[in-house]
Structure formats: C-alpha cells, structure tokens
$ cat protein35.txt   # compact mmCIF, C-alpha atoms
# COMPACT_ATOMS: atom_id res chain seq x y z
CA MET N 1 20.83 2.41 -13.41
CA VAL N 2 20.05 2.28 -9.70
CA VAL N 3 21.26 -0.62 -7.55
CA ALA N 4 19.55 -1.02 -4.17
CA ILE N 5 20.39 -3.42 -1.33
CA GLY N 6 17.65 -4.31 1.15
CA PHE N 7 17.90 -5.66 4.70
CA GLU N 8 14.84 -7.48 6.11
CA GLY N 9 14.63 -8.85 9.66
CA SER N 10 11.19 -8.00 11.05
CA ALA N 11 10.43 -11.57 12.21
CA ASN N 12 12.26 -14.91 12.04
CA LYS N 13 13.65 -14.50 8.52
CA LEU N 14 16.84 -12.55 7.95
CA GLY N 15 17.13 -11.55 4.30
CA VAL N 16 19.48 -9.42 2.21
CA GLY N 17 18.49 -8.73 -1.39
CA ILE N 18 19.95 -6.71 -4.23
CA VAL N 19 17.81 -5.20 -7.01
CA LYS N 20 19.01 -3.37 -10.13
CA ASP N 21 16.30 -1.48 -12.04
CA GLY N 22 13.59 -4.08 -11.53
CA VAL N 23 15.88 -7.12 -11.79
CA VAL N 24 16.54 -9.22 -8.67
CA LEU N 25 20.29 -9.94 -8.65
CA SER N 26 20.34 -11.89 -5.38
CA ASN N 27 17.98 -12.70 -2.53
CA PRO N 28 19.47 -15.06 0.12
CA ARG N 29 17.86 -15.47 3.54
CA HIS N 30 18.36 -17.43 6.74
CA THR N 31 15.40 -18.58 8.87
CA TYR N 32 15.40 -18.96 12.64
CA ILE N 33 13.62 -22.26 13.33
CA THR N 34 12.49 -23.25 16.83
CA PRO N 35 11.62 -26.76 18.14
CA PRO N 36 8.09 -28.12 17.40
CA GLY N 37 5.40 -26.59 19.60
CA GLN N 38 7.38 -23.40 20.24
CA GLY N 39 7.17 -19.91 18.79
CA PHE N 40 10.13 -17.56 18.36
CA LEU N 41 10.97 -14.97 21.02
CA PRO N 42 12.20 -11.49 20.05
CA LYS N 43 15.47 -11.76 22.03
CA ASN N 44 16.48 -15.11 20.50
CA THR N 45 15.39 -14.04 17.02
CA ALA N 46 17.51 -10.87 17.25
CA GLN N 47 20.49 -12.98 18.34
CA HIS N 48 19.98 -15.23 15.30
CA HIS N 49 19.98 -12.18 13.01
CA ARG N 50 23.17 -10.82 14.55
CA GLU N 51 24.93 -14.18 14.19
CA HIS N 52 24.03 -14.61 10.50
CA ALA N 53 23.98 -11.00 9.21
CA LEU N 54 27.50 -10.88 7.74
CA GLU N 55 27.21 -14.34 6.22
CA VAL N 56 23.90 -13.48 4.44
CA LEU N 57 25.25 -10.07 3.36
CA GLN N 58 28.36 -11.64 1.83
CA LYS N 59 26.22 -14.25 0.06
CA ALA N 60 24.02 -11.50 -1.42
CA LEU N 61 27.04 -9.62 -2.77
CA ASP N 62 28.63 -12.80 -4.14
CA GLU N 63 25.46 -14.00 -5.88
CA ALA N 64 24.85 -10.57 -7.40
CA LYS N 65 28.53 -10.44 -8.50
CA ILE N 66 28.85 -6.83 -7.37
CA SER N 67 30.91 -4.93 -4.80
CA PRO N 68 29.82 -2.23 -2.32
CA LYS N 69 30.98 0.53 -4.68
CA ASP N 70 28.29 -0.54 -7.20
CA ILE N 71 25.46 -0.02 -4.70
CA ASP N 72 23.58 3.30 -4.81
CA VAL N 73 21.31 3.05 -1.78
CA VAL N 74 20.96 0.96 1.39
CA CYS N 75 17.37 0.09 2.37
CA TYR N 76 16.12 -1.52 5.58
CA THR N 77 12.83 -2.48 7.22
CA LYS N 78 11.68 0.26 9.59
CA GLY N 79 8.56 -1.71 10.65
CA PRO N 80 6.09 -3.13 11.42
CA GLY N 81 7.56 -6.19 13.11
CA MET N 82 9.19 -7.46 16.30
CA GLY N 83 11.23 -4.79 18.03
CA ALA N 84 14.51 -6.57 18.82
CA PRO N 85 14.93 -8.29 15.40
CA LEU N 86 14.08 -5.03 13.60
CA VAL N 87 16.69 -3.10 15.58
CA SER N 88 19.45 -5.71 15.15
CA THR N 89 18.92 -5.67 11.36
CA ALA N 90 18.71 -1.88 11.18
CA ILE N 91 22.05 -1.60 12.98
CA VAL N 92 23.69 -3.72 10.27
CA ALA N 93 22.12 -1.56 7.54
CA ARG N 94 23.22 1.67 9.24
CA THR N 95 26.75 0.35 9.71
CA VAL N 96 27.26 -0.70 6.08
CA ALA N 97 25.68 2.54 4.80
CA GLN N 98 28.22 4.57 6.79
CA LEU N 99 31.14 2.29 5.91
CA TRP N 100 30.27 2.43 2.21
CA GLY N 101 29.24 6.10 2.23
CA LYS N 102 25.75 5.41 0.83
CA PRO N 103 22.36 7.08 1.45
CA MET N 104 19.68 5.17 3.39
CA ILE N 105 15.98 4.54 2.98
CA ALA N 106 13.61 3.31 5.71
CA VAL N 107 11.00 1.00 4.18
CA ASN N 108 7.57 -0.07 5.38
CA HIS N 109 7.54 -3.89 5.49
CA CYS N 110 4.02 -4.15 4.04
CA ILE N 111 4.82 -1.78 1.16
CA GLY N 112 7.84 -4.01 0.44
CA HIS N 113 5.54 -7.01 0.00
CA ILE N 114 3.20 -5.07 -2.30
CA GLU N 115 5.94 -3.61 -4.53
CA MET N 116 7.67 -7.00 -4.81
CA GLY N 117 4.36 -8.58 -5.80
CA ARG N 118 3.73 -5.91 -8.44
CA LEU N 119 7.24 -6.30 -9.84
CA VAL N 120 7.24 -10.10 -10.04
CA THR N 121 3.69 -10.59 -11.34
CA GLY N 122 3.28 -7.49 -13.51
CA ALA N 123 -0.02 -6.59 -11.80
CA GLU N 124 -0.78 -2.91 -12.49
CA ASN N 125 -3.38 -1.74 -9.98
CA PRO N 126 -4.69 -4.77 -8.09
CA ILE N 127 -6.70 -5.18 -4.92
CA VAL N 128 -4.09 -6.63 -2.56
CA LEU N 129 -4.67 -9.33 0.03
CA TYR N 130 -1.71 -9.10 2.39
CA VAL N 131 -1.55 -12.16 4.64
CA SER N 132 1.36 -13.10 6.90
CA GLY N 133 2.29 -14.09 10.44
CA GLY N 134 1.84 -10.56 11.72
CA ASN N 135 -0.51 -8.87 9.25
CA THR N 136 -3.85 -9.42 7.54
CA GLN N 137 -5.11 -6.56 5.34
CA VAL N 138 -7.11 -5.91 2.17
CA ILE N 139 -5.52 -2.95 0.39
CA ALA N 140 -6.16 -0.78 -2.67
CA TYR N 141 -4.14 2.12 -4.09
CA SER N 142 -5.73 5.57 -4.33
CA GLN N 143 -4.32 9.10 -4.42
CA ARG N 144 -0.76 8.38 -3.33
CA ARG N 145 -1.67 6.03 -0.49
CA TYR N 146 -2.26 2.32 -0.09
CA ARG N 147 -5.70 2.38 1.52
CA ILE N 148 -6.68 -0.37 3.97
CA PHE N 149 -10.22 -1.55 3.16
CA GLY N 150 -10.35 -4.26 5.80
CA GLU N 151 -8.09 -6.03 8.25
CA THR N 152 -7.98 -8.37 11.22
CA ILE N 153 -9.28 -6.87 14.43
CA ASP N 154 -7.17 -9.18 16.60
CA ILE N 155 -4.53 -11.69 15.41
CA ALA N 156 -3.18 -12.19 11.89
CA VAL N 157 -4.18 -15.25 9.86
CA GLY N 158 -0.58 -16.52 9.82
CA ASN N 159 -0.41 -16.25 13.60
CA CYS N 160 -3.66 -18.22 13.86
CA LEU N 161 -2.23 -21.03 11.69
CA ASP N 162 1.11 -21.01 13.51
CA ARG N 163 -0.52 -21.28 16.92
CA PHE N 164 -2.70 -24.18 15.86
CA ALA N 165 0.42 -25.91 14.50
CA ARG N 166 1.79 -25.72 18.06
CA VAL N 167 -1.31 -27.53 19.36
CA LEU N 168 -0.59 -30.38 16.93
CA LYS N 169 3.17 -30.17 17.73
CA LEU N 170 3.96 -29.74 14.02
CA SER N 171 7.51 -28.95 12.94
CA ASN N 172 8.51 -25.33 12.35
CA ASP N 173 10.69 -26.45 9.44
CA PRO N 174 10.27 -24.92 6.88
CA SER N 175 7.28 -23.21 8.52
CA PRO N 176 4.22 -24.19 10.59
CA GLY N 177 1.84 -22.87 7.93
CA TYR N 178 3.47 -24.98 5.22
CA ASN N 179 3.12 -28.12 7.34
CA ILE N 180 -0.54 -27.34 8.05
CA GLU N 181 -1.06 -26.95 4.29
CA GLN N 182 0.43 -30.40 3.58
CA LEU N 183 -1.75 -32.09 6.23
CA ALA N 184 -4.86 -30.24 5.02
CA LYS N 185 -4.47 -31.82 1.57
CA LYS N 186 -5.24 -35.21 3.15
CA GLY N 187 -8.20 -34.03 5.26
CA ASN N 188 -11.79 -34.56 4.12
CA LYS N 189 -14.03 -34.38 7.21
CA PHE N 190 -15.09 -30.79 7.83
CA LEU N 191 -15.49 -29.41 11.35
CA GLU N 192 -17.68 -26.31 11.47
CA LEU N 193 -15.75 -23.46 13.06
CA PRO N 194 -16.74 -19.91 14.06
CA TYR N 195 -16.81 -17.75 10.91
CA VAL N 196 -16.29 -14.14 11.94
CA VAL N 197 -16.53 -11.40 9.32
CA LYS N 198 -17.55 -7.96 10.58
CA GLY N 199 -18.17 -5.74 7.57
CA MET N 200 -14.76 -5.55 5.90
CA ASP N 201 -12.85 -6.84 8.93
CA VAL N 202 -12.14 -10.37 10.13
CA SER N 203 -11.47 -11.92 13.54
CA PHE N 204 -9.47 -15.09 14.15
CA SER N 205 -8.93 -15.20 17.92
CA GLY N 206 -12.32 -16.74 18.79
CA LEU N 207 -11.98 -19.33 16.04
CA LEU N 208 -8.49 -20.21 17.32
CA SER N 209 -9.69 -20.51 20.94
CA PHE N 210 -12.53 -22.78 19.79
CA ILE N 211 -10.33 -25.19 17.81
CA GLU N 212 -7.56 -25.15 20.46
CA GLU N 213 -10.10 -26.21 23.08
CA LYS N 214 -11.89 -28.82 20.93
CA ALA N 215 -8.89 -30.39 19.16
CA PRO N 216 -7.50 -32.59 22.02
CA GLN N 217 -10.92 -34.18 22.69
CA LEU N 218 -11.78 -34.68 19.02
CA LEU N 219 -8.41 -36.30 18.32
CA GLN N 220 -8.54 -38.46 21.44
CA LYS N 221 -12.00 -39.79 20.56
CA GLY N 222 -10.90 -40.44 16.99
CA GLU N 223 -13.75 -38.32 15.60
CA TYR N 224 -11.35 -36.17 13.57
CA THR N 225 -7.75 -36.61 12.41
CA PRO N 226 -5.10 -33.86 12.51
CA GLU N 227 -5.49 -33.73 8.71
CA ASP N 228 -9.24 -33.07 9.08
CA LEU N 229 -8.66 -30.24 11.56
CA CYS N 230 -6.01 -28.58 9.37
CA PHE N 231 -8.37 -28.87 6.39
CA SER N 232 -11.27 -27.35 8.37
CA LEU N 233 -9.16 -24.49 9.69
CA GLN N 234 -7.76 -23.58 6.26
CA GLU N 235 -11.13 -23.72 4.50
CA THR N 236 -12.76 -21.48 7.13
CA VAL N 237 -10.11 -18.78 7.47
CA PHE N 238 -9.47 -18.62 3.72
CA ALA N 239 -13.21 -18.30 2.97
CA MET N 240 -13.32 -15.31 5.32
CA LEU N 241 -10.40 -13.69 3.50
CA ILE N 242 -11.91 -14.32 0.04
CA GLU N 243 -15.18 -12.73 1.16
CA ILE N 244 -13.68 -9.42 2.22
CA THR N 245 -11.33 -9.35 -0.80
CA GLU N 246 -14.25 -9.85 -3.20
CA ARG N 247 -16.16 -7.05 -1.49
CA ALA N 248 -13.20 -4.68 -2.00
CA MET N 249 -12.95 -5.72 -5.67
CA ALA N 250 -16.66 -5.03 -6.17
CA HIS N 251 -16.35 -1.61 -4.49
CA CYS N 252 -13.34 -0.58 -6.61
CA GLY N 253 -14.49 -2.26 -9.83
CA SER N 254 -11.10 -3.97 -9.93
CA GLN N 255 -10.24 -6.76 -12.37
CA GLU N 256 -6.97 -7.71 -10.64
CA VAL N 257 -6.23 -9.31 -7.27
CA LEU N 258 -2.75 -9.83 -5.85
CA ILE N 259 -1.89 -12.04 -2.86
CA VAL N 260 1.27 -11.13 -0.95
CA GLY N 261 2.86 -12.13 2.37
CA GLY N 262 4.02 -15.48 3.72
CA VAL N 263 0.56 -17.09 3.83
CA GLY N 264 0.17 -16.06 0.18
CA CYS N 265 2.32 -19.06 -0.83
CA ASN N 266 -0.51 -21.38 0.21
CA LYS N 267 -1.76 -23.18 -2.90
CA ARG N 268 -5.25 -23.72 -1.47
CA LEU N 269 -5.65 -19.99 -0.78
CA GLN N 270 -4.51 -19.24 -4.34
CA GLU N 271 -6.93 -21.83 -5.71
CA MET N 272 -9.90 -20.39 -3.79
CA MET N 273 -8.99 -16.84 -4.79
CA GLU N 274 -8.63 -17.83 -8.44
CA THR N 275 -12.12 -19.41 -8.41
CA MET N 276 -13.58 -16.16 -7.05
CA ALA N 277 -11.59 -14.04 -9.53
CA LYS N 278 -12.70 -16.13 -12.52
CA GLU N 279 -16.35 -15.80 -11.48
CA ARG N 280 -15.85 -12.01 -11.58
CA GLY N 281 -13.94 -12.08 -14.89
CA ALA N 282 -10.86 -10.94 -12.97
CA LYS N 283 -7.27 -12.16 -12.85
CA LEU N 284 -5.30 -13.55 -9.90
CA TYR N 285 -1.65 -12.65 -9.38
CA ALA N 286 0.45 -14.57 -6.84
CA THR N 287 4.10 -15.46 -6.22
CA ASP N 288 5.97 -18.45 -4.84
CA GLU N 289 7.97 -18.77 -1.61
CA ARG N 290 11.00 -16.93 -3.07
CA PHE N 291 9.14 -13.63 -2.99
CA CYS N 292 6.02 -13.99 -0.81
CA ILE N 293 7.94 -15.05 2.31
CA ASP N 294 9.85 -12.16 3.96
CA ASN N 295 12.98 -11.39 1.92
CA GLY N 296 15.56 -8.68 1.39
CA ALA N 297 14.77 -8.08 -2.29
CA MET N 298 11.29 -6.78 -1.47
CA ILE N 299 12.81 -4.12 0.79
CA ALA N 300 15.36 -3.28 -1.91
CA GLN N 301 12.59 -2.99 -4.53
CA ALA N 302 10.40 -0.67 -2.42
CA GLY N 303 13.50 1.35 -1.51
CA TRP N 304 14.51 1.49 -5.19
CA GLU N 305 11.08 2.99 -6.02
CA MET N 306 11.39 5.51 -3.17
CA PHE N 307 14.97 6.47 -4.11
CA ARG N 308 14.09 7.04 -7.77
CA SER N 309 11.22 9.32 -6.72
CA GLY N 310 13.63 11.49 -4.72
CA GLN N 311 13.32 10.05 -1.22
CA THR N 312 16.11 9.32 1.25
CA THR N 313 16.09 8.95 5.05
CA PRO N 314 18.50 11.10 7.13
CA LEU N 315 20.69 8.94 9.39
CA LYS N 316 19.14 10.45 12.55
CA ASP N 317 15.71 9.23 11.36
CA THR N 318 16.74 5.62 10.59
CA THR N 319 14.79 4.28 13.55
CA CYS N 320 12.50 1.27 13.91
CA THR N 321 8.89 0.94 15.00
CA GLN N 322 6.75 -2.10 15.72
CA ARG N 323 3.66 -0.22 14.54
CA PHE N 324 3.93 1.29 11.06
CA ARG N 325 0.68 1.14 9.12
CA THR N 326 0.54 0.57 5.38
CA ASP N 327 -1.61 3.67 4.85
CA GLU N 328 0.88 5.99 6.61
CA VAL N 329 3.32 5.97 3.69
CA ASP N 330 3.23 8.63 0.97
CA ILE N 331 3.50 6.70 -2.33
CA THR N 332 5.57 9.20 -4.34
CA TRP N 333 6.43 6.77 -7.15
CA ARG N 334 2.87 6.06 -8.40
CA SER N 335 0.55 8.47 -10.17
$ encode --input "protein35.txt" --output "structure tokens"
Amino acid sequence: MVVAIGFEGSANKLGVGIVKDGVVLSNPRHTYITPPGQGFLPKNTAQHHREHALEVLQKALDEAKISPKDIDVVCYTKGPGMGAPLVSTAIVARTVAQLWGKPMIAVNHCIGHIEMGRLVTGAENPIVLYVSGGNTQVIAYSQRRYRIFGETIDIAVGNCLDRFARVLKLSNDPSPGYNIEQLAKKGNKFLELPYVVKGMDVSFSGLLSFIEEKAPQLLQKGEYTPEDLCFSLQETVFAMLIEITERAMAHCGSQEVLIVGGVGCNKRLQEMMETMAKERGAKLYATDERFCIDNGAMIAQAGWEMFRSGQTTPLKDTTCTQRFRTDEVDITWRS
C-alpha cells in the first residue's frame, strides 16, 4: 500500500491532499480571494500560501487520520503555474520531506488533472479537454506521452472568463467563472462574438477585446443585460472548445471524452459536450468542484502513479518552472 501526499499551489488555490492506493483520504484547500474587479498577483498569492500552508497540511493529516510516518512519498507541483506561488508551496513540500525523511516527486500540474479525472470517473483512454485559468488543451495518450492535439494560441479560456468578470465587477467568491455561469443561466439574448478556431487551435484574446470594448455601451443603452453577455460569451467559447475536441475524437476514433480543470466544473460546458458525445455514440466523463478545481489530491494521485512506476525526484532537482508542457512528461505508468 502506497500513501502519497500532494502539495498544490500553482495559482490562487493552496491544496494538500492524501491518496492511498487510489482512495482519496483527504483533500482540503484554501483559496485566495481578491476584491471584485481585481485579479490575483503572484507576490500576494505566494504570501497567502505561506500563511495557510501549515493549517491546510494539518487539516489534511487530521482528515486522513494518519501521521507523517504513514506517508511513503511527498509530491508537489513543479509547474506550470505562477512562479512565486509555486516556489512557496515547493518549499513547504521540500521541508516536510526532509523532516519526515521521505522521497519526493515533482509533478506536472496538467498531468495531475488528467490522472485525477481518470481515477474519479473511471475513464480508460479518453480524449481530454483540459480547461482552466491558465491552460486550454485537447490531449490524447499515445506511446508513453500525453499528446497535445490542439490548444489556445494566446490566453486560456478560464482567463478569458475571469477577465470579463472583472469588466462586470463580479465577485471572485467562490470564483469569477462560477459567477459568470450563474448569470448566464438567466441570459437569453445572444450577442454574436468573434469565433476563432484555427485548425485544432483556438484564440480567445480577440473575442475578449471585442466584448470588453462593446460591453459598457451595450449595457448603458440597455440593449443587453449582464446575463445576456455572460450567456453569449459562454456559448461562443464553449462551442469553440467542443469543435476542436470532436475533431480530436474523430481523428483518434475515441468513444470517451474527459473534461478536467477548473472550467470543467461548468454545467453548461458539460451539457454541450454530452450532446456532442451522444451524437457520436461516445461517453462523457466529468467531475465536480472537489476534483476539477486545483487540489492537492490530484498531485498526490499523479505522484502515486509515478512512484509506483519507479520514479522519484532527487532533492537537487525539486525545482519549479512556470512553463512545463503536458507532452514533456514520460508516462511510465501506462502501457
């Protein structure tokens, strides 16, 4: 039996999770929330992680009802993510690993999302749509690598939603994307927005600039409500994502699709993806906010897979990087 503890802090969520042979024993997290209309800066986010690290770690151990001696391996997010928060979390992981005398594993954040999704849903070999505040990728597994079929060529879909939430001065509690989703449910007047799909890649920056510029005038004139604009934005960006995901499924002949990442909690995105999957005779796999939003258990789960396949990371190599692509990792635990 292998028990892995995972430390995640690549953005504004600090999470510590404990996994024992495919069972999540605990998964607490603490979110850094800024005032409406503001994003989160790396320096302040790192300070938040430092202030709450011991509290979240203790909570994880208490909920799992285990002590440090029961843990076999300490896992942490190497990247991608924001530099300062990544480093502050890695320091905590390195410290406890040395205090407890445990080996370490550096985990790719994106691989953590995928392995958590596979564990929770039971999906075997799905096409993966990975959508979050910092990443947008369509991924498939082949020959010991997660291959990126398509991705954003500028900003991530979550970043696009978050930045539009700032225009509307929406609350960041629990998240800007969640609050956009709630408003969108009440919208019914569609505003045509730039729809930019380039082969297998998508672009959101032009669409965002367009709606940022138009929104104040449209709202002032009463032509559209905030609900209408949220509805229009969601429908457009999600349609773009479904298009490139379906193309990857057709190319691979896949009958499974898995949505992971923070934006993957969005019920409308899941609904649209399920419609597409059903038309293809395929099955949708998705998770709720416990596992699709950044969390420590996903890092523990990916680290658990790596550890069982014989991997560890020497202490001198337990660094962080803001750029760590999904297809750079050798997937030693899958055939």
$ residues_around --input "protein35.txt" --residues "Glu227 (chain N)" --least-positions-apart "4" --cutoff "6 Å" --atoms "only C-alpha atoms" --output "NGL selection string"
:N and (183-184 or 186-187)
$ closest_residue --input "protein35.txt" --among "N:Glu8, N:Glu274, N:Asp317, N:Asp327" --to "Ala93 (chain N)" --atoms "all atoms listed in the file"
N:Glu8
$ residues_around --input "protein35.txt" --residues "Gln143 (chain N)" --least-positions-apart "4" --cutoff "10 Å" --atoms "only C-alpha atoms" --output "list in words"
Arg147, Asp330, Ile331, Thr332, Arg334 and Ser335 of chain N
$ write_last_selection --input "protein35.txt" --atoms "C-alpha atoms" --output "PDB file, in the frame of the given file"
ATOM      1  CA  ARG N 147      -5.700   2.380   1.520  1.00  0.00           C
ATOM      2  CA  ASP N 330       3.230   8.630   0.970  1.00  0.00           C
ATOM      3  CA  ILE N 331       3.500   6.700  -2.330  1.00  0.00           C
ATOM      4  CA  THR N 332       5.570   9.200  -4.340  1.00  0.00           C
ATOM      5  CA  ARG N 334       2.870   6.060  -8.400  1.00  0.00           C
ATOM      6  CA  SER N 335       0.550   8.470 -10.170  1.00  0.00           C
TER       7      SER N 335
END
$ closest_residue --input "protein35.txt" --among "N:Gln38, N:Asn135, N:Ser209, N:Asn44" --to "Pro176 (chain N)" --atoms "all atoms listed in the file"
N:Gln38
$ atom_distance --input "protein35.txt" --atom1 "CA of Val263 (chain N)" --atom2 "CA of Leu61 (chain N)"
28.3 Å
$ residues_near_point --input "protein35.txt" --point "(17.8, -11.8, -6.2)" --cutoff "6 Å" --atoms "all atoms listed in the file" --output "ChimeraX atom specification"
/N:17-18,24-27
$ closest_residue --input "protein35.txt" --among "N:Asp288, N:Asp294, N:Glu243, N:Asp72" --to "Thr121 (chain N)" --atoms "only C-alpha atoms"
N:Asp288
$ atom_distance --input "protein35.txt" --atom1 "CA of Val196 (chain N)" --atom2 "CA of Ile139 (chain N)"
19.4 Å
$ residues_near_point --input "protein35.txt" --point "(14.3, -4.1, -0.8)" --cutoff "7 Å" --atoms "only C-alpha atoms" --output "list in words"
Ala4, Ile5, Gly6, Phe7, Gly17, Cys75, Gly112, Gly296, Ala297, Met298, Ile299, Ala300, Gln301, Ala302 and Gly303 of chain N
$ write_last_selection --input "protein35.txt" --atoms "C-alpha atoms" --output "compact mmCIF listing (two decimals), keeping the file's coordinate frame"
# COMPACT_ATOMS: atom_id res chain seq x y z
CA ALA N 4 19.55 -1.02 -4.17
CA ILE N 5 20.39 -3.42 -1.33
CA GLY N 6 17.65 -4.31 1.15
CA PHE N 7 17.90 -5.66 4.70
CA GLY N 17 18.49 -8.73 -1.39
CA CYS N 75 17.37 0.09 2.37
CA GLY N 112 7.84 -4.01 0.44
CA GLY N 296 15.56 -8.68 1.39
CA ALA N 297 14.77 -8.08 -2.29
CA MET N 298 11.29 -6.78 -1.47
CA ILE N 299 12.81 -4.12 0.79
CA ALA N 300 15.36 -3.28 -1.91
CA GLN N 301 12.59 -2.99 -4.53
CA ALA N 302 10.40 -0.67 -2.42
CA GLY N 303 13.50 1.35 -1.51
$ atom_distance --input "protein35.txt" --atom1 "CA of Ser254 (chain N)" --atom2 "CA of Pro80 (chain N)"
27.4 Å
$ closest_residue --input "protein35.txt" --among "N:Gly22, N:Gly134, N:Gly37, N:Gly9" --to "Ala84 (chain N)" --atoms "only C-alpha atoms"
N:Gly9
$ closest_residue --input "protein35.txt" --among "N:Ala277, N:Met306, N:Leu229, N:Val107" --to "Phe164 (chain N)" --atoms "all atoms listed in the file"
N:Leu229
$ closest_residue --input "protein35.txt" --among "N:Asp21, N:Glu279, N:Glu289, N:Glu192" --to "Asn266 (chain N)" --atoms "only C-alpha atoms"
N:Glu289
$ residues_around --input "protein35.txt" --residues "Ile155 (chain N)" --least-positions-apart "5" --cutoff "10 Å" --atoms "all atoms listed in the file" --output "list in words"
Gly133, Gly134, Asn135, Thr136, Cys160, Val202, Ser203, Phe204, Ser205, Gly206 and Leu208 of chain N
$ residues_around --input "protein35.txt" --residues "Ala106 (chain N)" --least-positions-apart "3" --cutoff "7 Å" --atoms "only C-alpha atoms" --output "PyMOL selection string"
chain N and resi 75-78+313+318
